[in-house]
>>> print(open('target07.cif').read())   # mmCIF, C-alpha atoms
data_target
#
loop_
_atom_site.label_atom_id
_atom_site.label_comp_id
_atom_site.auth_asym_id
_atom_site.auth_seq_id
_atom_site.Cartn_x
_atom_site.Cartn_y
_atom_site.Cartn_z
CA MET A 1 -120.56 9.24 70.67
CA ARG A 2 -122.91 10.71 68.07
CA VAL A 3 -124.39 13.18 70.58
CA LEU A 4 -120.90 14.29 71.62
CA ARG A 5 -119.88 14.79 68.02
CA ASP A 6 -123.02 16.84 67.27
CA ARG A 7 -122.29 19.08 70.24
CA ILE A 8 -118.68 19.59 69.14
CA LEU A 9 -119.81 20.40 65.61
CA THR A 10 -122.37 22.91 66.90
CA VAL A 11 -119.75 24.78 68.92
CA LEU A 12 -117.26 24.73 66.04
CA ARG A 13 -119.84 26.06 63.56
CA GLN A 14 -120.53 28.97 65.87
CA LEU A 15 -116.81 29.75 66.22
CA ARG A 16 -115.65 29.34 62.65
CA GLY A 17 -118.23 31.59 60.99
CA PRO A 18 -119.77 31.12 57.53
CA GLU A 19 -119.21 27.82 55.77
CA THR A 20 -117.21 28.31 52.58
CA SER A 21 -115.77 25.00 51.33
CA ASP A 22 -112.16 24.51 52.43
CA ALA A 23 -112.29 27.54 54.71
CA VAL A 24 -114.48 25.51 57.08
CA PHE A 25 -111.82 22.93 57.82
CA GLU A 26 -109.06 25.53 57.78
CA ALA A 27 -110.84 27.58 60.44
CA THR A 28 -111.60 24.47 62.48
CA ALA A 29 -107.94 23.43 62.30
CA LEU A 30 -106.94 26.85 63.61
CA ILE A 31 -109.36 26.45 66.51
CA VAL A 32 -107.97 23.00 67.34
CA GLY A 33 -104.45 24.40 67.15
CA ALA A 34 -105.35 27.34 69.42
CA LEU A 35 -106.86 25.00 72.01
CA SER A 36 -103.71 22.86 71.90
CA LEU A 37 -101.56 25.96 72.39
CA VAL A 38 -103.54 26.96 75.48
CA ALA A 39 -103.43 23.40 76.85
CA GLY A 40 -99.68 23.10 76.26
CA PHE A 41 -98.96 26.43 77.96
CA ALA A 42 -101.29 25.65 80.88
CA ILE A 43 -99.60 22.30 81.50
CA GLY A 44 -96.06 23.45 80.77
CA LEU A 45 -95.92 26.56 82.94
CA PRO A 46 -96.60 24.92 86.34
CA THR A 47 -94.53 21.89 85.33
CA PHE A 48 -91.49 24.00 84.41
CA TRP A 49 -91.89 26.65 87.13
CA GLY A 50 -88.70 27.27 89.09
CA ARG A 51 -86.60 25.06 86.82
CA GLU A 52 -84.01 25.52 84.09
CA LEU A 53 -84.57 22.90 81.43
CA PRO A 54 -82.08 21.48 78.95
CA ILE A 55 -83.09 21.61 75.29
CA SER A 56 -82.69 17.87 74.73
CA GLY A 57 -82.03 14.75 76.74
CA THR A 58 -83.70 13.30 79.82
CA GLY A 59 -86.20 15.69 81.42
CA SER A 60 -85.70 18.25 78.65
CA ILE A 61 -88.14 20.50 76.88
CA GLY A 62 -87.51 18.44 73.74
CA VAL A 63 -88.75 15.25 75.39
CA PHE A 64 -91.77 17.10 76.77
CA ALA A 65 -92.60 18.44 73.30
CA ALA A 66 -92.10 15.02 71.73
CA ILE A 67 -94.39 13.16 74.14
CA GLY A 68 -96.99 15.93 74.14
CA GLY A 69 -96.78 16.19 70.36
CA ALA A 70 -97.35 12.46 69.90
CA ILE A 71 -100.46 12.54 72.10
CA THR A 72 -101.72 15.71 70.43
CA ALA A 73 -101.16 14.31 66.93
CA ALA A 74 -103.16 11.16 67.68
CA LEU A 75 -106.02 13.09 69.32
CA ALA A 76 -106.18 15.74 66.58
CA PHE A 77 -106.19 13.06 63.89
CA ALA A 78 -108.97 11.13 65.64
CA LEU A 79 -111.00 14.34 66.04
CA GLY A 80 -110.58 15.15 62.36
CA ARG A 81 -111.79 11.71 61.29
CA LEU A 82 -114.72 11.95 63.69
CA LEU A 83 -115.87 15.29 62.31
CA VAL A 84 -115.80 14.25 58.64
CA ARG A 85 -117.54 10.92 59.16
CA PRO A 86 -121.09 11.11 57.72
CA ASP A 87 -124.07 9.84 59.71
CA ALA A 88 -125.53 7.83 56.83
CA PRO A 89 -122.97 7.40 54.04
CA SER A 90 -124.21 6.64 50.56
CA PRO A 91 -123.21 3.17 49.30
CA ASP A 92 -122.03 4.71 46.02
CA GLY A 93 -120.48 7.84 47.48
CA VAL A 94 -117.45 8.81 49.45
CA ARG A 95 -117.53 7.30 52.92
CA ASP A 96 -115.87 8.43 56.14
CA GLY A 97 -114.79 11.65 54.45
CA PHE A 98 -112.20 9.62 52.52
CA ALA A 99 -111.92 10.58 48.87
CA VAL A 100 -112.64 7.14 47.45
CA PRO A 101 -116.14 5.96 46.49
CA GLY A 102 -117.72 2.84 47.90
CA ASP A 103 -115.24 1.99 50.63
CA ARG A 104 -114.47 2.99 54.19
CA LEU A 105 -111.59 3.12 56.58
CA ARG A 106 -111.51 0.21 59.03
CA TRP A 107 -110.67 0.71 62.70
CA TYR A 108 -107.21 -0.79 62.26
CA ASP A 109 -106.57 1.55 59.31
CA ILE A 110 -107.39 4.58 61.45
CA ALA A 111 -105.34 3.23 64.38
CA ALA A 112 -102.29 2.63 62.15
CA ILE A 113 -102.51 6.06 60.50
CA ALA A 114 -103.01 7.80 63.86
CA PHE A 115 -99.98 5.92 65.24
CA ALA A 116 -97.94 7.02 62.23
CA HIS A 117 -98.86 10.66 62.85
CA ALA A 118 -97.94 10.29 66.53
CA ALA A 119 -94.61 8.66 65.68
CA ILE A 120 -93.76 11.36 63.15
CA ALA A 121 -94.54 14.06 65.72
CA TYR A 122 -92.52 12.32 68.45
CA LEU A 123 -89.45 11.66 66.33
CA GLY A 124 -89.69 15.02 64.60
CA TRP A 125 -89.63 17.05 67.82
CA ILE A 126 -86.85 14.87 69.25
CA GLY A 127 -84.78 15.56 66.14
CA ILE A 128 -85.45 19.30 66.24
CA ALA A 129 -84.49 19.41 69.91
CA GLU A 130 -81.21 17.59 69.19
CA LEU A 131 -80.43 20.06 66.41
CA LEU A 132 -81.18 23.06 68.65
CA GLU A 133 -79.08 21.57 71.46
CA ARG A 134 -76.08 21.45 69.15
CA SER A 135 -76.77 24.98 67.92
CA PHE A 136 -77.18 26.44 71.45
CA THR A 137 -74.68 24.41 73.46
CA ASP A 138 -75.43 24.37 77.23
CA ALA A 139 -78.18 27.02 76.84
CA PRO A 140 -80.96 26.63 79.48
CA VAL A 141 -84.67 27.17 78.85
CA TYR A 142 -86.65 29.01 81.54
CA ALA A 143 -90.19 28.27 82.64
CA PHE A 144 -92.21 30.94 80.80
CA PRO A 145 -90.52 30.75 77.36
CA GLY A 146 -90.42 26.97 77.73
CA ALA A 147 -94.19 26.84 78.27
CA VAL A 148 -94.70 29.11 75.25
CA LEU A 149 -92.52 26.87 73.09
CA ILE A 150 -94.42 23.77 74.21
CA GLY A 151 -97.72 25.46 73.42
CA VAL A 152 -96.52 26.42 69.94
CA ALA A 153 -95.19 22.90 69.30
CA LEU A 154 -98.50 21.30 70.27
CA ALA A 155 -100.49 23.88 68.29
CA LEU A 156 -98.49 23.23 65.12
CA THR A 157 -98.74 19.47 65.61
CA ALA A 158 -102.52 19.60 66.15
CA TYR A 159 -103.04 21.91 63.16
CA VAL A 160 -101.13 19.69 60.74
CA SER A 161 -102.59 16.41 62.05
CA PHE A 162 -106.16 17.71 61.95
CA LEU A 163 -105.82 18.94 58.36
CA SER A 164 -104.22 15.64 57.38
CA ALA A 165 -107.22 13.80 58.84
CA VAL A 166 -109.96 15.84 57.20
CA ALA A 167 -108.20 16.03 53.82
CA LEU A 168 -107.13 12.38 53.81
CA THR A 169 -106.74 10.89 50.35
CA PRO A 170 -104.71 7.92 49.09
CA THR A 171 -102.00 10.34 47.93
CA VAL A 172 -101.84 12.09 51.33
CA LEU A 173 -101.77 8.68 52.98
CA SER A 174 -98.85 7.60 50.81
CA LEU A 175 -96.91 10.74 51.76
CA VAL A 176 -97.61 10.05 55.44
CA LEU A 177 -96.31 6.51 54.87
CA ALA A 178 -93.14 7.82 53.22
CA VAL A 179 -92.41 10.30 56.02
CA PHE A 180 -93.18 7.66 58.65
CA LEU A 181 -90.79 5.17 57.07
CA VAL A 182 -88.02 7.76 56.79
CA VAL A 183 -88.26 9.01 60.39
CA GLY A 184 -88.72 5.47 61.72
CA ALA A 185 -85.70 4.16 59.83
CA PHE A 186 -83.45 7.05 60.86
CA ALA A 187 -84.58 6.80 64.48
CA SER A 188 -83.71 3.10 64.45
CA MET A 189 -80.30 3.80 62.94
CA LEU A 190 -79.51 6.46 65.52
CA ALA A 191 -80.70 4.27 68.41
CA SER A 192 -78.86 1.15 67.25
CA SER A 193 -76.51 -0.41 69.80
CA ASP A 194 -74.40 -1.76 66.92
CA VAL A 195 -72.77 1.17 65.13
CA HIS A 196 -71.67 -1.15 62.34
CA TRP A 197 -75.10 -2.68 61.70
CA TRP A 198 -74.85 -1.61 58.04
CA ARG A 199 -72.10 -4.16 57.43
CA ASP A 200 -74.68 -6.96 57.65
CA ASN A 201 -78.03 -5.83 56.23
CA LEU A 202 -80.96 -3.54 56.95
CA SER A 203 -82.68 -6.29 58.94
CA ALA A 204 -79.86 -6.15 61.50
CA LEU A 205 -81.68 -3.15 62.99
CA GLY A 206 -84.54 -5.49 63.93
CA MET A 207 -82.46 -8.13 65.70
CA SER A 208 -83.44 -8.82 69.30
CA THR A 209 -79.87 -8.02 70.40
CA ASN A 210 -80.17 -4.51 68.99
CA SER A 211 -81.58 -1.72 71.16
CA ALA A 212 -83.35 -0.31 68.08
CA SER A 213 -85.25 -3.52 67.35
CA LEU A 214 -88.61 -2.42 68.80
CA ALA A 215 -88.63 0.88 66.88
CA PHE A 216 -87.54 -0.76 63.62
CA ASN A 217 -89.93 -3.70 63.77
CA MET A 218 -92.92 -1.56 64.83
CA THR A 219 -92.16 0.79 61.94
CA LEU A 220 -92.34 -2.11 59.49
CA ILE A 221 -95.53 -3.55 61.00
CA ILE A 222 -97.42 -0.24 61.00
CA ALA A 223 -96.10 0.58 57.51
CA GLY A 224 -97.32 -2.80 56.27
CA ILE A 225 -100.84 -2.11 57.56
CA MET A 226 -100.77 1.29 55.85
CA VAL A 227 -99.68 -0.27 52.55
CA THR A 228 -102.66 -2.65 52.63
CA THR A 229 -104.91 0.37 53.22
CA ILE A 230 -103.31 2.24 50.31
CA ALA A 231 -103.71 -0.83 48.09
CA ARG A 232 -107.49 -0.90 48.55
CA TYR A 233 -108.00 2.79 47.93
CA ALA A 234 -105.40 3.17 45.18
CA THR A 235 -107.35 0.73 43.01
CA ALA A 236 -110.91 1.61 44.09
CA GLY A 237 -111.41 4.26 41.40
CA LEU A 238 -110.03 2.28 38.44
CA PRO A 239 -112.43 1.59 35.54
CA LEU A 240 -114.38 -1.68 35.57
CA ASP A 241 -115.84 -1.67 32.07
CA ASP A 242 -115.57 -5.43 31.50
CA PRO A 243 -114.48 -8.63 33.30
CA VAL A 244 -110.89 -8.26 32.06
CA ASP A 245 -110.55 -4.85 33.73
CA ARG A 246 -112.22 -6.15 36.87
CA ARG A 247 -109.90 -9.16 37.08
CA GLY A 248 -106.84 -7.01 36.39
CA ARG A 249 -107.75 -4.56 39.13
CA LEU A 250 -108.23 -7.45 41.54
CA ILE A 251 -104.77 -8.83 40.70
CA VAL A 252 -103.07 -5.45 41.17
CA ARG A 253 -104.90 -4.85 44.44
CA GLY A 254 -104.00 -8.32 45.66
CA GLY A 255 -100.35 -7.81 44.73
CA LEU A 256 -100.14 -4.50 46.61
CA ILE A 257 -101.88 -5.98 49.64
CA LEU A 258 -99.42 -8.87 49.53
CA ILE A 259 -96.54 -6.37 49.58
CA GLY A 260 -98.04 -4.79 52.69
CA VAL A 261 -98.55 -8.14 54.41
CA PHE A 262 -94.99 -9.23 53.62
CA LEU A 263 -93.63 -5.89 54.86
CA ALA A 264 -95.44 -6.31 58.17
CA CYS A 265 -94.17 -9.90 58.44
CA VAL A 266 -90.58 -8.67 58.00
CA GLY A 267 -91.09 -6.78 61.27
CA ILE A 268 -93.02 -9.57 62.97
CA PHE A 269 -90.31 -12.16 62.30
CA PRO A 270 -86.83 -10.75 63.15
CA VAL A 271 -84.01 -12.22 61.11
CA ASP A 272 -82.04 -13.56 64.09
CA GLU A 273 -85.01 -15.52 65.47
CA PHE A 274 -86.86 -16.51 62.28
CA PHE A 275 -84.16 -16.53 59.64
CA LEU A 276 -85.97 -18.66 57.03
CA VAL A 277 -89.39 -17.01 57.46
CA HIS A 278 -87.86 -13.52 57.49
CA ASN A 279 -85.93 -14.05 54.27
CA THR A 280 -88.92 -15.73 52.62
CA VAL A 281 -91.30 -12.83 53.25
CA ALA A 282 -88.64 -10.25 52.32
CA THR A 283 -88.01 -12.05 49.03
CA GLY A 284 -91.77 -12.47 48.52
CA MET A 285 -92.26 -8.73 48.82
CA ALA A 286 -89.74 -8.07 46.04
CA VAL A 287 -91.28 -10.79 43.84
CA ALA A 288 -94.81 -9.45 44.35
CA PHE A 289 -93.65 -5.96 43.40
CA ALA A 290 -91.94 -7.25 40.25
CA VAL A 291 -95.02 -9.23 39.17
CA VAL A 292 -97.32 -6.22 39.61
CA VAL A 293 -94.99 -3.85 37.76
CA VAL A 294 -94.11 -6.16 34.86
CA GLY A 295 -97.71 -7.30 34.35
CA LEU A 296 -99.26 -3.85 34.74
CA PRO A 297 -100.02 -3.24 31.01
CA TRP A 298 -101.99 -6.50 30.92
CA PHE A 299 -103.65 -6.07 34.31
CA LEU A 300 -104.63 -2.41 33.78
CA ARG A 301 -105.02 -1.74 30.07
CA SER A 302 -105.84 1.94 30.59
CA ILE A 303 -102.64 2.71 32.49
CA PRO A 304 -100.34 5.16 30.63
CA LYS A 305 -97.47 3.51 28.77
CA VAL A 306 -94.99 6.02 30.17
CA PHE A 307 -95.81 4.84 33.69
CA VAL A 308 -95.38 1.22 32.61
CA ALA A 309 -91.92 2.05 31.25
CA PHE A 310 -91.19 3.93 34.47
CA GLY A 311 -91.96 0.79 36.50
CA TRP A 312 -89.93 -1.52 34.25
CA VAL A 313 -86.90 0.73 34.67
CA TYR A 314 -87.32 0.43 38.45
CA VAL A 315 -87.40 -3.36 38.26
CA LEU A 316 -84.31 -3.41 36.03
CA VAL A 317 -82.45 -1.16 38.48
CA ILE A 318 -83.32 -3.52 41.37
CA VAL A 319 -82.11 -6.51 39.32
CA LEU A 320 -78.90 -4.65 38.52
CA LEU A 321 -78.37 -3.87 42.22
CA ALA A 322 -78.87 -7.56 43.04
CA ALA A 323 -76.23 -8.43 40.45
CA PHE A 324 -73.83 -5.90 42.02
CA PHE A 325 -74.40 -7.55 45.39
CA ALA A 326 -73.81 -11.01 43.91
CA VAL A 327 -70.39 -10.00 42.62
CA GLY A 328 -69.51 -8.18 45.85
CA TYR A 329 -69.61 -4.63 44.45
CA TYR A 330 -72.46 -3.53 46.78
CA ASN A 331 -73.26 -4.82 50.23
CA LEU A 332 -76.77 -6.01 51.06
CA THR A 333 -77.67 -2.90 53.06
CA ALA A 334 -77.14 -0.61 50.07
CA VAL A 335 -79.24 -2.87 47.86
CA GLU A 336 -82.08 -3.01 50.39
CA LEU A 337 -82.11 0.74 51.01
CA ILE A 338 -82.17 1.66 47.32
CA ALA A 339 -84.77 -1.02 46.53
CA ALA A 340 -87.01 0.25 49.36
CA VAL A 341 -86.80 3.82 48.05
CA LEU A 342 -87.67 2.65 44.53
CA ILE A 343 -90.61 0.50 45.63
CA PHE A 344 -92.27 3.13 47.80
CA SER A 345 -91.67 5.95 45.33
CA TRP A 346 -93.34 3.77 42.67
CA ILE A 347 -96.35 3.23 44.95
CA ILE A 348 -96.70 7.00 45.48
CA VAL A 349 -96.58 7.71 41.74
CA PHE A 350 -98.96 4.81 41.07
CA LEU A 351 -101.53 6.41 43.38
CA ARG A 352 -101.51 9.61 41.36
CA THR A 353 -101.53 7.76 38.04
CA ALA A 354 -104.40 5.48 39.08
CA GLY A 355 -106.34 8.51 40.29
CA SER A 356 -105.95 10.24 36.92
CA VAL A 357 -107.02 7.08 35.08
CA GLY A 358 -110.10 6.75 37.28
CA VAL A 359 -111.27 10.31 36.67
CA ASP A 360 -112.88 9.42 33.36
CA GLY A 361 -113.80 5.90 34.32
CA HIS A 362 -116.61 4.47 36.39
CA HIS A 363 -116.56 4.47 40.18
CA PRO A 364 -118.71 1.57 41.29
CA ALA A 365 -119.06 0.59 44.88
CA ASP A 366 -116.77 -2.16 46.09
#
>>> encode(input="target07.cif", output="structure tokens")
Amino acid sequence: MRVLRDRILTVLRQLRGPETSDAVFEATALIVGALSLVAGFAIGLPTFWGRELPISGTGSIGVFAAIGGAITAALAFALGRLLVRPDAPSPDGVRDGFAVPGDRLRWYDIAAIAFAHAAIAYLGWIGIAELLERSFTDAPVYAFPGAVLIGVALALTAYVSFLSAVALTPTVLSLVLAVFLVVGAFASMLASSDVHWWRDNLSALGMSTNSASLAFNMTLIIAGIMVTTIARYATAGLPLDDPVDRRGRLIVRGGLILIGVFLACVGIFPVDEFFLVHNTVATGMAVAFAVVVVGLPWFLRSIPKVFVAFGWVYVLVIVLLAAFFAVGYYNLTAVELIAAVLIFSWIIVFLRTAGSVGVDGHHPAD
């Protein structure tokens, strides 16, 4: 593996020209995108030859772009992580090309993030194809322009996925998580066999009787793994000046990891098969979030007070939504959707806030 990587790097250095900081990865991403374009065209042209393809639906160019884009996204992401991984990382430095000192990405972290990129690419191209189908009703796509479009789709997918891999930070990872959750949730809603699922609750999408259950539950499981990854790296750069700070960071990290574990368990245990367990872990996730947010000024004494107030407002809004549900003003689906948006937006802002706090603090190895 190391020999193969060295050979790839040698070829890329010769192609991309002089090394000038970010221009190196930018040029390499363009090369990866160009290779994907050629591969997509070379595969698409003979496959489409002599045919008129629909824009979306079974056997369409949209499905071809979605499947090819998912494979390309995963491969480009893996290649990006491979190229930035150092041979002998320093114990006190940034490892695996990830912008956090003293820690590294585990294999399951990389697998989950690569899967998220693939899922985003797949669902994204499916959605674009559906939109184009409605804009160009009954319009066919011929072989040559179809192959060109496939090549462009794969090139764009490879370019974005590669840059995401080499520039991976906790903030970038949180944005990938947010996009993944949005596209996964909407895909599940669109694929649901029960058009009135929203009358029950959000978990109805994960019921075994629902055709969208696999997509919904896998989205939650992968998202849960990503949250545990974010939890480790979001807190890795926080100051550790004394035992109180060290203990507080450990509590916050543990709370965020618990949120990720509970989120994954919501997908592992569908509500129609494991009613008690499902509701317990879903409630536990909300409780863990509230504990972390309310106790933040005591856990992390250096955290800005404005962010603490920001979190308390979020918790109060969630409590207010629960009260609206209790009196029958809101249904459970509305409460769950709004609470999910609040929780994950708080995590994204927390990543940026923790990063700014850690700039002037110490960065010891974990």
>>> closest_residue(input="target07.cif", among="A:Pro145, A:Val160, A:Ala119, A:Met226", to="Val183 in chain A", atoms="all atoms listed in the file")
A:Ala119
>>> resolve_selection(input="target07.cif", expression="the PyMOL selection byres ((chain A and resi 299) around 8)", output="PyMOL selection string")
chain A and resi 244-245+247-249+251-252+295-298+300-301
>>> residues_around(input="target07.cif", residues="range 322-336 of chain A", least_positions_apart="6", cutoff="8 Å", atoms="only C-alpha atoms", output="ChimeraX atom specification")
/A:198-202
>>> atom_distance(input="target07.cif", atom1="CA of Arg352 in chain A", atom2="CA of Ala236 in chain A")
12.6 Å
>>> resolve_selection(input="target07.cif", expression="the PyMOL selection byres ((chain A and resi 255) around 9)", output="ChimeraX atom specification")
/A:231,250-254,256-260,288-289,291-292
>>> closest_residue(input="target07.cif", among="A:Ala187, A:Ala354, A:Ala114, A:Ala73", to="Ser302 in chain A", atoms="only C-alpha atoms")
A:Ala354
>>> closest_residue(input="target07.cif", among="A:Phe48, A:Phe77, A:Tyr122, A:Phe275", to="Val63 in chain A", atoms="all atoms listed in the file")
A:Tyr122
>>> resolve_selection(input="target07.cif", expression="the PyMOL selection byres ((chain A and resi 262) around 9)", output="list in words")
Gly224, Ile257, Leu258, Ile259, Gly260, Val261, Leu263, Ala264, Cys265, Val266, Gly267, Thr280, Val281, Ala282, Thr283, Gly284 and Met285 of chain A
>>> atom_distance(input="target07.cif", atom1="CA of Tyr314 in chain A", atom2="CA of Leu342 in chain A")
6.5 Å
>>> closest_residue(input="target07.cif", among="A:Phe186, A:Phe350, A:Trp197, A:Phe64", to="Gly151 in chain A", atoms="all atoms listed in the file")
A:Phe64
>>> closest_residue(input="target07.cif", among="A:Val172, A:Pro270, A:Ser193, A:Pro243", to="Met218 in chain A", atoms="only C-alpha atoms")
A:Pro270
>>> atom_distance(input="target07.cif", atom1="CA of Leu132 in chain A", atom2="CA of Ala147 in chain A")
16.6 Å
>>> residues_around(input="target07.cif", residues="Val148 in chain A", least_positions_apart="3", cutoff="9 Å", atoms="only C-alpha atoms", output="PyMOL selection string")
chain A and resi 37+40-41+44-45+143-145+151-153
>>> closest_residue(input="target07.cif", among="A:Gly59, A:Gly184, A:Pro140, A:Gly80", to="Ala121 in chain A", atoms="only C-alpha atoms")
A:Gly184
>>> axis_aligned_box(input="target07.cif", around="range 254-270 of chain A", padding_each_side="8 Å", output="AutoDock Vina command-line options")
--center_x -95.4 --center_y -8.3 --center_z 53.9 --size_x 33.2 --size_y 23.7 --size_z 34.4
